[in-house]
>>> print(open('upload_4.cif').read())   # mmCIF, C-alpha atoms and all ligand atoms
data_start
#
loop_
_atom_site.label_atom_id
_atom_site.label_comp_id
_atom_site.auth_asym_id
_atom_site.auth_seq_id
_atom_site.Cartn_x
_atom_site.Cartn_y
_atom_site.Cartn_z
CA MET H 1 58.63 56.20 169.83
CA ASN H 2 59.66 54.35 172.89
CA ARG H 3 62.43 56.32 174.52
CA LYS H 4 62.78 53.88 177.37
CA TYR H 5 64.49 51.41 175.09
CA ARG H 6 65.85 53.32 172.10
CA LYS H 7 67.04 56.57 170.65
CA THR H 8 64.85 58.91 168.68
CA VAL H 9 66.58 60.02 165.50
CA ILE H 10 65.48 62.80 163.17
CA ALA H 11 67.53 62.54 159.99
CA GLY H 12 67.35 64.71 156.92
CA ASN H 13 68.27 63.49 153.47
CA TRP H 14 69.22 66.44 151.31
CA LYS H 15 69.59 64.21 148.24
CA MET H 16 71.28 66.15 145.40
CA ASN H 17 70.27 69.58 146.68
CA MET H 18 71.95 72.60 148.28
CA LEU H 19 75.42 74.10 147.95
CA ASN H 20 78.19 74.54 150.50
CA SER H 21 77.40 78.24 150.64
CA GLY H 22 73.86 77.49 151.81
CA ILE H 23 74.81 75.38 154.81
CA LYS H 24 75.70 78.15 157.24
CA PRO H 25 72.51 80.17 156.63
CA PHE H 26 70.51 76.94 156.89
CA MET H 27 72.04 76.13 160.28
CA GLU H 28 71.47 79.64 161.56
CA GLU H 29 67.80 79.45 160.67
CA LEU H 30 67.55 75.94 162.09
CA LYS H 31 69.09 77.12 165.35
CA ALA H 32 66.67 80.04 165.57
CA ASN H 33 63.73 77.65 165.20
CA MET H 34 65.06 74.74 167.21
CA PRO H 35 63.15 73.80 170.40
CA LYS H 36 65.03 74.71 173.59
CA ASN H 37 65.19 71.15 174.85
CA ARG H 38 65.36 68.32 172.49
CA ASN H 39 64.99 64.66 172.96
CA CYS H 40 66.50 63.22 169.82
CA ASP H 41 69.64 62.90 167.75
CA VAL H 42 69.61 65.13 164.68
CA VAL H 43 71.44 64.17 161.51
CA LEU H 44 71.68 65.73 158.07
CA CYS H 45 72.84 63.53 155.22
CA ALA H 46 74.36 65.69 152.53
CA PRO H 47 76.30 64.98 149.33
CA ALA H 48 79.67 63.66 150.52
CA ILE H 49 81.64 66.72 149.40
CA MET H 50 79.51 68.86 151.71
CA VAL H 51 80.13 66.79 154.84
CA PRO H 52 83.06 68.89 156.16
CA ALA H 53 81.10 72.14 155.80
CA MET H 54 78.11 70.46 157.44
CA ILE H 55 80.21 69.37 160.42
CA LYS H 56 81.58 72.88 160.87
CA ALA H 57 78.25 74.65 160.59
CA GLY H 58 76.31 71.97 162.48
CA LYS H 59 78.40 72.05 165.67
CA ASP H 60 76.48 74.86 167.24
CA CYS H 61 73.09 73.18 167.05
CA LYS H 62 74.46 69.67 167.53
CA VAL H 63 73.60 68.37 164.11
CA ALA H 64 75.66 65.36 163.04
CA ALA H 65 76.72 64.98 159.44
CA GLY H 66 76.01 61.99 157.29
CA ALA H 67 76.53 60.91 153.69
CA GLN H 68 74.05 59.36 151.29
CA ASP H 69 75.98 56.47 149.82
CA VAL H 70 79.28 54.63 150.13
CA SER H 71 81.32 52.37 147.90
CA MET H 72 81.12 48.68 148.62
CA TYR H 73 84.84 48.48 147.87
CA GLU H 74 87.51 49.21 150.42
CA LYS H 75 90.00 51.10 148.22
CA GLY H 76 91.68 51.08 144.84
CA ALA H 77 90.75 51.52 141.19
CA TYR H 78 87.07 52.47 141.49
CA THR H 79 86.91 55.85 139.79
CA GLY H 80 84.28 58.15 141.23
CA GLU H 81 83.60 56.04 144.29
CA ILE H 82 83.99 57.14 147.92
CA SER H 83 84.99 54.56 150.52
CA ALA H 84 83.77 54.16 154.09
CA ASP H 85 87.30 54.97 155.24
CA GLN H 86 87.21 58.25 153.29
CA LEU H 87 83.81 59.16 154.73
CA SER H 88 85.10 58.46 158.20
CA ASP H 89 88.22 60.49 157.45
CA VAL H 90 86.16 63.63 156.77
CA GLY H 91 84.05 63.03 159.88
CA ALA H 92 80.80 61.50 158.60
CA LYS H 93 79.04 59.78 161.47
CA TYR H 94 76.12 58.32 159.52
CA CYS H 95 75.51 57.16 155.97
CA ILE H 96 72.33 56.19 154.17
CA VAL H 97 72.48 52.89 152.29
CA GLY H 98 69.96 51.27 150.00
CA HIS H 99 67.86 54.35 149.39
CA SER H 100 65.16 53.51 146.85
CA GLU H 101 66.55 56.17 144.51
CA ARG H 102 69.89 54.39 144.45
CA ARG H 103 68.15 51.07 143.94
CA GLN H 104 66.07 52.56 141.11
CA TYR H 105 68.62 54.72 139.27
CA HIS H 106 71.83 52.86 140.06
CA GLY H 107 70.63 49.28 140.25
CA GLU H 108 71.73 48.83 143.84
CA THR H 109 70.84 45.35 145.10
CA ASP H 110 70.08 44.01 148.57
CA ILE H 111 73.40 42.15 148.58
CA GLN H 112 75.24 45.39 147.82
CA VAL H 113 73.33 47.14 150.57
CA ASN H 114 74.55 44.47 152.96
CA ILE H 115 78.19 44.86 151.84
CA LYS H 116 77.94 48.64 152.17
CA ALA H 117 76.38 48.46 155.65
CA LYS H 118 79.20 46.20 156.81
CA ALA H 119 81.85 48.46 155.26
CA LEU H 120 80.41 51.42 157.19
CA LEU H 121 80.21 49.53 160.47
CA ASP H 122 83.84 48.52 160.10
CA LYS H 123 84.77 52.21 159.98
CA GLY H 124 82.53 53.24 162.87
CA ILE H 125 79.86 54.91 160.72
CA VAL H 126 76.18 54.28 161.49
CA PRO H 127 74.41 52.85 158.43
CA ILE H 128 70.87 54.09 157.91
CA ILE H 129 69.54 51.10 155.99
CA CYS H 130 66.54 51.94 153.80
CA VAL H 131 63.86 49.43 152.92
CA GLY H 132 60.39 49.79 151.45
CA GLU H 133 57.92 48.42 148.97
CA SER H 134 56.62 49.76 145.68
CA LEU H 135 52.97 50.59 145.15
CA GLU H 136 52.55 47.43 143.06
CA GLN H 137 53.97 45.29 145.84
CA ARG H 138 51.65 46.91 148.37
CA GLU H 139 48.66 46.34 146.14
CA MET H 140 49.64 42.70 145.73
CA ASP H 141 49.83 42.39 149.51
CA LEU H 142 53.55 41.64 149.37
CA THR H 143 54.71 44.52 151.59
CA MET H 144 55.77 42.63 154.68
CA GLU H 145 57.29 39.71 152.80
CA TYR H 146 59.34 42.02 150.62
CA VAL H 147 60.45 44.32 153.43
CA ALA H 148 61.35 41.33 155.63
CA TYR H 149 63.53 39.99 152.81
CA GLN H 150 65.25 43.36 152.43
CA VAL H 151 65.92 43.62 156.17
CA LYS H 152 67.22 40.07 156.48
CA THR H 153 69.53 40.47 153.50
CA ALA H 154 70.81 43.86 154.62
CA LEU H 155 71.66 42.52 158.08
CA SER H 156 73.18 39.24 156.97
CA GLY H 157 76.48 38.61 158.75
CA ILE H 158 76.05 41.58 161.11
CA ASP H 159 76.30 40.44 164.71
CA ALA H 160 74.22 41.73 167.62
CA ALA H 161 76.99 44.08 168.82
CA LYS H 162 77.11 45.75 165.42
CA LEU H 163 73.35 45.76 165.04
CA ARG H 164 73.25 48.16 167.98
CA ARG H 165 74.94 50.71 165.75
CA CYS H 166 72.49 50.29 162.84
CA ILE H 167 69.38 52.26 162.02
CA ILE H 168 66.60 50.97 159.77
CA ALA H 169 64.48 53.39 157.76
CA TYR H 170 61.18 52.21 156.37
CA GLU H 171 60.46 54.27 153.27
CA PRO H 172 57.57 53.06 151.12
CA ILE H 173 58.58 54.02 147.58
CA TRP H 174 55.11 55.32 146.74
CA ALA H 175 55.33 57.84 149.59
CA ILE H 176 58.71 59.35 148.65
CA GLY H 177 58.52 62.84 147.22
CA THR H 178 54.88 62.31 146.31
CA GLY H 179 53.20 64.15 149.17
CA LYS H 180 51.41 60.84 149.78
CA THR H 181 52.35 59.82 153.32
CA ALA H 182 51.68 56.36 154.63
CA THR H 183 49.00 56.58 157.29
CA SER H 184 50.37 56.27 160.79
CA GLU H 185 48.70 52.83 160.98
CA GLN H 186 50.36 51.65 157.76
CA ALA H 187 53.76 52.98 158.85
CA GLN H 188 53.42 51.52 162.35
CA GLU H 189 52.37 48.14 160.98
CA VAL H 190 55.49 47.79 158.82
CA CYS H 191 57.87 49.21 161.44
CA GLU H 192 56.44 46.77 163.97
CA GLY H 193 56.87 44.00 161.40
CA ILE H 194 60.51 45.00 160.86
CA ARG H 195 61.11 44.80 164.61
CA ALA H 196 59.54 41.34 164.64
CA VAL H 197 61.91 40.22 161.87
CA ILE H 198 64.86 41.51 163.89
CA ARG H 199 63.52 39.83 167.04
CA LYS H 200 63.43 36.51 165.22
CA ILE H 201 67.06 36.81 164.17
CA TYR H 202 68.65 38.52 167.19
CA GLY H 203 66.20 38.04 170.07
CA ALA H 204 64.09 40.42 172.14
CA ARG H 205 66.71 42.82 173.48
CA PRO H 206 68.40 43.87 170.25
CA ALA H 207 64.98 44.17 168.61
CA ARG H 208 63.79 46.44 171.39
CA ALA H 209 66.89 48.60 171.16
CA ILE H 210 67.10 49.32 167.43
CA SER H 211 65.77 52.62 166.11
CA ILE H 212 63.41 52.26 163.16
CA LEU H 213 62.60 55.44 161.25
CA TYR H 214 59.78 56.26 158.88
CA GLY H 215 60.42 58.19 155.67
CA GLY H 216 58.17 59.33 152.86
CA SER H 217 56.59 62.77 152.74
CA MET H 218 57.05 63.31 156.47
CA ASN H 219 56.51 66.99 157.17
CA ALA H 220 55.87 69.55 159.90
CA LYS H 221 52.15 68.69 159.92
CA ASN H 222 52.11 64.90 159.94
CA ALA H 223 55.28 64.24 161.98
CA GLU H 224 53.62 64.32 165.38
CA GLU H 225 51.13 61.59 164.58
CA LEU H 226 53.70 59.37 162.87
CA LEU H 227 56.20 59.79 165.70
CA ALA H 228 53.54 58.94 168.28
CA GLN H 229 53.48 55.36 166.99
CA PRO H 230 55.24 52.93 169.32
CA ASP H 231 57.56 51.40 166.70
CA ILE H 232 58.43 54.59 164.79
CA ASP H 233 61.55 55.99 166.41
CA GLY H 234 62.14 58.95 164.17
CA GLY H 235 62.08 60.12 160.61
CA LEU H 236 64.15 60.15 157.44
CA ILE H 237 63.03 63.34 155.82
CA GLY H 238 63.65 64.51 152.27
CA GLY H 239 61.86 67.64 151.07
CA ALA H 240 61.03 69.06 154.50
CA SER H 241 64.65 68.75 155.63
CA LEU H 242 65.60 71.43 153.11
CA LYS H 243 63.46 73.97 154.96
CA PRO H 244 65.01 74.76 158.34
CA ALA H 245 61.78 75.95 159.98
CA ASP H 246 59.92 72.79 158.90
CA PHE H 247 62.78 70.55 159.91
CA ALA H 248 62.84 72.23 163.33
CA LYS H 249 59.10 71.57 163.70
CA ILE H 250 59.68 67.87 163.04
CA ILE H 251 62.41 67.88 165.68
CA GLU H 252 59.96 69.54 168.04
CA ALA H 253 57.31 66.91 167.23
CA SER H 254 59.75 64.28 168.47
CA ASN H 255 59.68 65.91 171.91
CA GLN H 256 56.21 64.58 172.66
CA GLU H 257 55.69 62.07 175.44
CA CYS H 258 54.82 58.63 174.12
P1 LIG H 301 60.47 63.04 151.02
O1 LIG H 301 60.43 63.39 152.48
O2 LIG H 301 60.79 64.18 150.15
O3 LIG H 301 59.26 62.28 150.59
O4 LIG H 301 61.72 62.02 150.85
C1 LIG H 301 61.84 60.96 151.70
C2 LIG H 301 63.14 60.32 151.48
O5 LIG H 301 63.40 59.76 150.43
C3 LIG H 301 64.14 60.43 152.54
O6 LIG H 301 65.20 59.57 152.32
#
>>> encode(input="upload_4.cif", output="structure tokens")
Amino acid sequence: MNRKYRKTVIAGNWKMNMLNSGIKPFMEELKANMPKNRNCDVVLCAPAIMVPAMIKAGKDCKVAAGAQDVSMYEKGAYTGEISADQLSDVGAKYCIVGHSERRQYHGETDIQVNIKAKALLDKGIVPIICVGESLEQREMDLTMEYVAYQVKTALSGIDAAKLRRCIIAYEPIWAIGTGKTATSEQAQEVCEGIRAVIRKIYGARPARAISILYGGSMNAKNAEELLAQPDIDGGLIGGASLKPADFAKIIEASNQEC
């Protein structure tokens, strides 16, 4: 982390878990375990229908609500889709785009990720843009090339003013839900590489100011070391964000001085 230049963000991704009825008890337990002072923004990305309940229950411990996907279309005959305008209407402040699970199970492409990110920015929602390589790509030494391509495509047509409202999350696919975390060196190397890609497009200042998160089996035990890396500005946490005490520990780990 480097708090001099950018925000630390601890974001949970609940994926397709939890029910509305579980949100209030979750928040109560989170509050009970939360560090007194905290030095980061906390976000929980829930299924879209749970966003209003999340906003209500999250007020007390200052947890912002986010969604996990958005339609690339503005409005109209797209049965089952939810637009950026509709997410904004229910109060979502953040939205994940390009998660590897959406790329894998729903064929989401880099171009679509770009359209979705722009749709969110237009409605004042912060896109959390996910990128990351597969194990095969890492083994073929293609990690940085692939991730750089994903970042460039996702940010295409987004100007520097809007970039300030974007978050990038580096999530190596092989580390998601596997218990296999990237080492802090591996994670730092790619996050630093992502910042270099952004520097090349936008220049030094915007690159210095953007928050880049790491995701992939981040937990209460390994968070401190990962967050101590200079280019890792927070976490996008799956499994451990479903356990309030663990999630609170990760928030606490972000309090360290770096
Ligand atoms: P896990 O923390 O469960 O590995 O999930 C990471 C993730 O996909 C967050 O978006």
>>> closest_atom_pairs(input="upload_4.cif", of="range 22-119 of chain H", to="range 153-168 of chain H", cutoff="10 Å", atoms="all atoms listed in the file", output="JSON lines")
{"residue": "H:Tyr94", "atom": "CA", "partner": "H:Ile167", "partner_atom": "CA", "distance": 9.4}
{"residue": "H:Cys95", "atom": "CA", "partner": "H:Ile167", "partner_atom": "CA", "distance": 9.9}
{"residue": "H:Ile96", "atom": "CA", "partner": "H:Ile167", "partner_atom": "CA", "distance": 9.3}
{"residue": "H:Val97", "atom": "CA", "partner": "H:Ala154", "partner_atom": "CA", "distance": 9.5}
{"residue": "H:Gly98", "atom": "CA", "partner": "H:Ala154", "partner_atom": "CA", "distance": 8.8}
{"residue": "H:Thr109", "atom": "CA", "partner": "H:Ala154", "partner_atom": "CA", "distance": 9.6}
{"residue": "H:Asp110", "atom": "CA", "partner": "H:Thr153", "partner_atom": "CA", "distance": 6.1}
{"residue": "H:Ile111", "atom": "CA", "partner": "H:Thr153", "partner_atom": "CA", "distance": 6.5}
{"residue": "H:Gln112", "atom": "CA", "partner": "H:Ala154", "partner_atom": "CA", "distance": 8.3}
{"residue": "H:Val113", "atom": "CA", "partner": "H:Ala154", "partner_atom": "CA", "distance": 5.8}
{"residue": "H:Asn114", "atom": "CA", "partner": "H:Ala154", "partner_atom": "CA", "distance": 4.1}
{"residue": "H:Ile115", "atom": "CA", "partner": "H:Ala154", "partner_atom": "CA", "distance": 7.9}
{"residue": "H:Lys116", "atom": "CA", "partner": "H:Ala154", "partner_atom": "CA", "distance": 8.9}
{"residue": "H:Ala117", "atom": "CA", "partner": "H:Ala154", "partner_atom": "CA", "distance": 7.3}
{"residue": "H:Lys118", "atom": "CA", "partner": "H:Ile158", "partner_atom": "CA", "distance": 7.1}
>>> write_last_selection(input="upload_4.cif", atoms="C-alpha atoms", output="short mmCIF file (atom, residue, chain, number, x, y, z; two decimals), keeping the file's coordinate frame")
data_model
loop_
_atom_site.label_atom_id
_atom_site.label_comp_id
_atom_site.auth_asym_id
_atom_site.auth_seq_id
_atom_site.Cartn_x
_atom_site.Cartn_y
_atom_site.Cartn_z
CA TYR H 94 76.12 58.32 159.52
CA CYS H 95 75.51 57.16 155.97
CA ILE H 96 72.33 56.19 154.17
CA VAL H 97 72.48 52.89 152.29
CA GLY H 98 69.96 51.27 150.00
CA THR H 109 70.84 45.35 145.10
CA ASP H 110 70.08 44.01 148.57
CA ILE H 111 73.40 42.15 148.58
CA GLN H 112 75.24 45.39 147.82
CA VAL H 113 73.33 47.14 150.57
CA ASN H 114 74.55 44.47 152.96
CA ILE H 115 78.19 44.86 151.84
CA LYS H 116 77.94 48.64 152.17
CA ALA H 117 76.38 48.46 155.65
CA LYS H 118 79.20 46.20 156.81
#
>>> residues_near_ligand(input="upload_4.cif", ligand="ligand LIG 301 (chain H)", cutoff="9 Å", atoms="all atoms listed in the file", output="VMD selection string")
chain H and resid 11 to 15 68 96 99 to 101 130 169 171 to 181 214 to 219 235 to 241
>>> residues_around(input="upload_4.cif", residues="Gly76 in chain H", least_positions_apart="6", cutoff="12 Å", atoms="only C-alpha atoms", output="ChimeraX atom specification")
/H:82-83,85-86
>>> residues_around(input="upload_4.cif", residues="Ile23 in chain H", least_positions_apart="5", cutoff="9 Å", atoms="only C-alpha atoms", output="ChimeraX atom specification")
/H:18,28,50,53-54,57-58
>>> write_last_selection(input="upload_4.cif", atoms="C-alpha atoms", output="compact mmCIF listing (two decimals), in the coordinates of the input")
# COMPACT_ATOMS: atom_id res chain seq x y z
CA MET H 18 71.95 72.60 148.28
CA GLU H 28 71.47 79.64 161.56
CA MET H 50 79.51 68.86 151.71
CA ALA H 53 81.10 72.14 155.80
CA MET H 54 78.11 70.46 157.44
CA ALA H 57 78.25 74.65 160.59
CA GLY H 58 76.31 71.97 162.48
>>> atom_distance(input="upload_4.cif", atom1="CA of Tyr149 in chain H", atom2="CA of Leu213 in chain H")
17.6 Å
>>> atom_distance(input="upload_4.cif", atom1="CA of Met27 in chain H", atom2="CA of Leu121 in chain H")
27.8 Å
>>> closest_residue(input="upload_4.cif", among="H:Leu19, H:Ile49, H:Ala77, H:Cys61", to="Lys31 in chain H", atoms="only C-alpha atoms")
H:Cys61
>>> atom_distance(input="upload_4.cif", atom1="CA of Ala207 in chain H", atom2="CA of Gln186 in chain H")
19.7 Å
>>> closest_residue(input="upload_4.cif", among="H:Leu87, H:Ile250, H:Met140, H:Ala187", to="Gln229 in chain H", atoms="only C-alpha atoms")
H:Ala187
>>> closest_residue(input="upload_4.cif", among="H:Gly124, H:Gln104, H:Met72, H:Asp60", to="Gly91 in chain H", atoms="only C-alpha atoms")
H:Gly124
>>> residues_around(input="upload_4.cif", residues="Ser254 in chain H", least_positions_apart="3", cutoff="7 Å", atoms="only C-alpha atoms", output="PDB file with C-alpha atoms, keeping the file's coordinate frame")
ATOM      1  CA  ASN H  39      64.990  64.660 172.960  1.00  0.00           C
ATOM      2  CA  CYS H  40      66.500  63.220 169.820  1.00  0.00           C
ATOM      3  CA  GLU H 224      53.620  64.320 165.380  1.00  0.00           C
ATOM      4  CA  LEU H 227      56.200  59.790 165.700  1.00  0.00           C
ATOM      5  CA  ILE H 250      59.680  67.870 163.040  1.00  0.00           C
ATOM      6  CA  ILE H 251      62.410  67.880 165.680  1.00  0.00           C
TER       7      ILE H 251
END
>>> closest_residue(input="upload_4.cif", among="H:Ala65, H:Val131, H:Ala223, H:Val9", to="Asp41 in chain H", atoms="all atoms listed in the file")
H:Val9
>>> build_atoms(input="upload_4.cif", residues="range 11-22 of chain H", atoms="N, CA and C atoms", output="JSON list (two decimals), keeping the file's coordinate frame")
[["chain", "number", "residue", "atom", "x", "y", "z"],
["H", 11, "ALA", "N", 66.48, 62.44, 161.01],
["H", 11, "ALA", "CA", 67.53, 62.54, 159.99],
["H", 11, "ALA", "C", 66.98, 63.17, 158.73],
["H", 12, "GLY", "N", 67.74, 64.10, 158.20],
["H", 12, "GLY", "CA", 67.35, 64.71, 156.92],
["H", 12, "GLY", "C", 68.17, 64.08, 155.80],
["H", 13, "ASN", "N", 67.56, 63.95, 154.65],
["H", 13, "ASN", "CA", 68.27, 63.49, 153.47],
["H", 13, "ASN", "C", 68.16, 64.60, 152.43],
["H", 14, "TRP", "N", 69.26, 65.30, 152.24],
["H", 14, "TRP", "CA", 69.22, 66.44, 151.31],
["H", 14, "TRP", "C", 69.25, 66.01, 149.85],
["H", 15, "LYS", "N", 69.49, 64.73, 149.62],
["H", 15, "LYS", "CA", 69.59, 64.21, 148.24],
["H", 15, "LYS", "C", 70.56, 65.09, 147.45],
["H", 16, "MET", "N", 70.30, 65.35, 146.16],
["H", 16, "MET", "CA", 71.28, 66.15, 145.40],
["H", 16, "MET", "C", 70.83, 67.62, 145.36],
["H", 17, "ASN", "N", 70.71, 68.18, 146.56],
["H", 17, "ASN", "CA", 70.27, 69.58, 146.68],
["H", 17, "ASN", "C", 71.27, 70.35, 147.53],
["H", 18, "MET", "N", 71.15, 71.65, 147.48],
["H", 18, "MET", "CA", 71.95, 72.60, 148.28],
["H", 18, "MET", "C", 73.39, 72.75, 147.77],
["H", 19, "LEU", "N", 74.01, 73.83, 148.26],
["H", 19, "LEU", "CA", 75.42, 74.10, 147.95],
["H", 19, "LEU", "C", 76.12, 74.37, 149.28],
["H", 20, "ASN", "N", 77.43, 74.25, 149.28],
["H", 20, "ASN", "CA", 78.19, 74.54, 150.50],
["H", 20, "ASN", "C", 77.82, 75.91, 151.08],
["H", 21, "SER", "N", 77.66, 76.87, 150.18],
["H", 21, "SER", "CA", 77.40, 78.24, 150.64],
["H", 21, "SER", "C", 76.05, 78.36, 151.36],
["H", 22, "GLY", "N", 75.18, 77.41, 151.17],
["H", 22, "GLY", "CA", 73.86, 77.49, 151.81],
["H", 22, "GLY", "C", 73.81, 76.85, 153.18]]
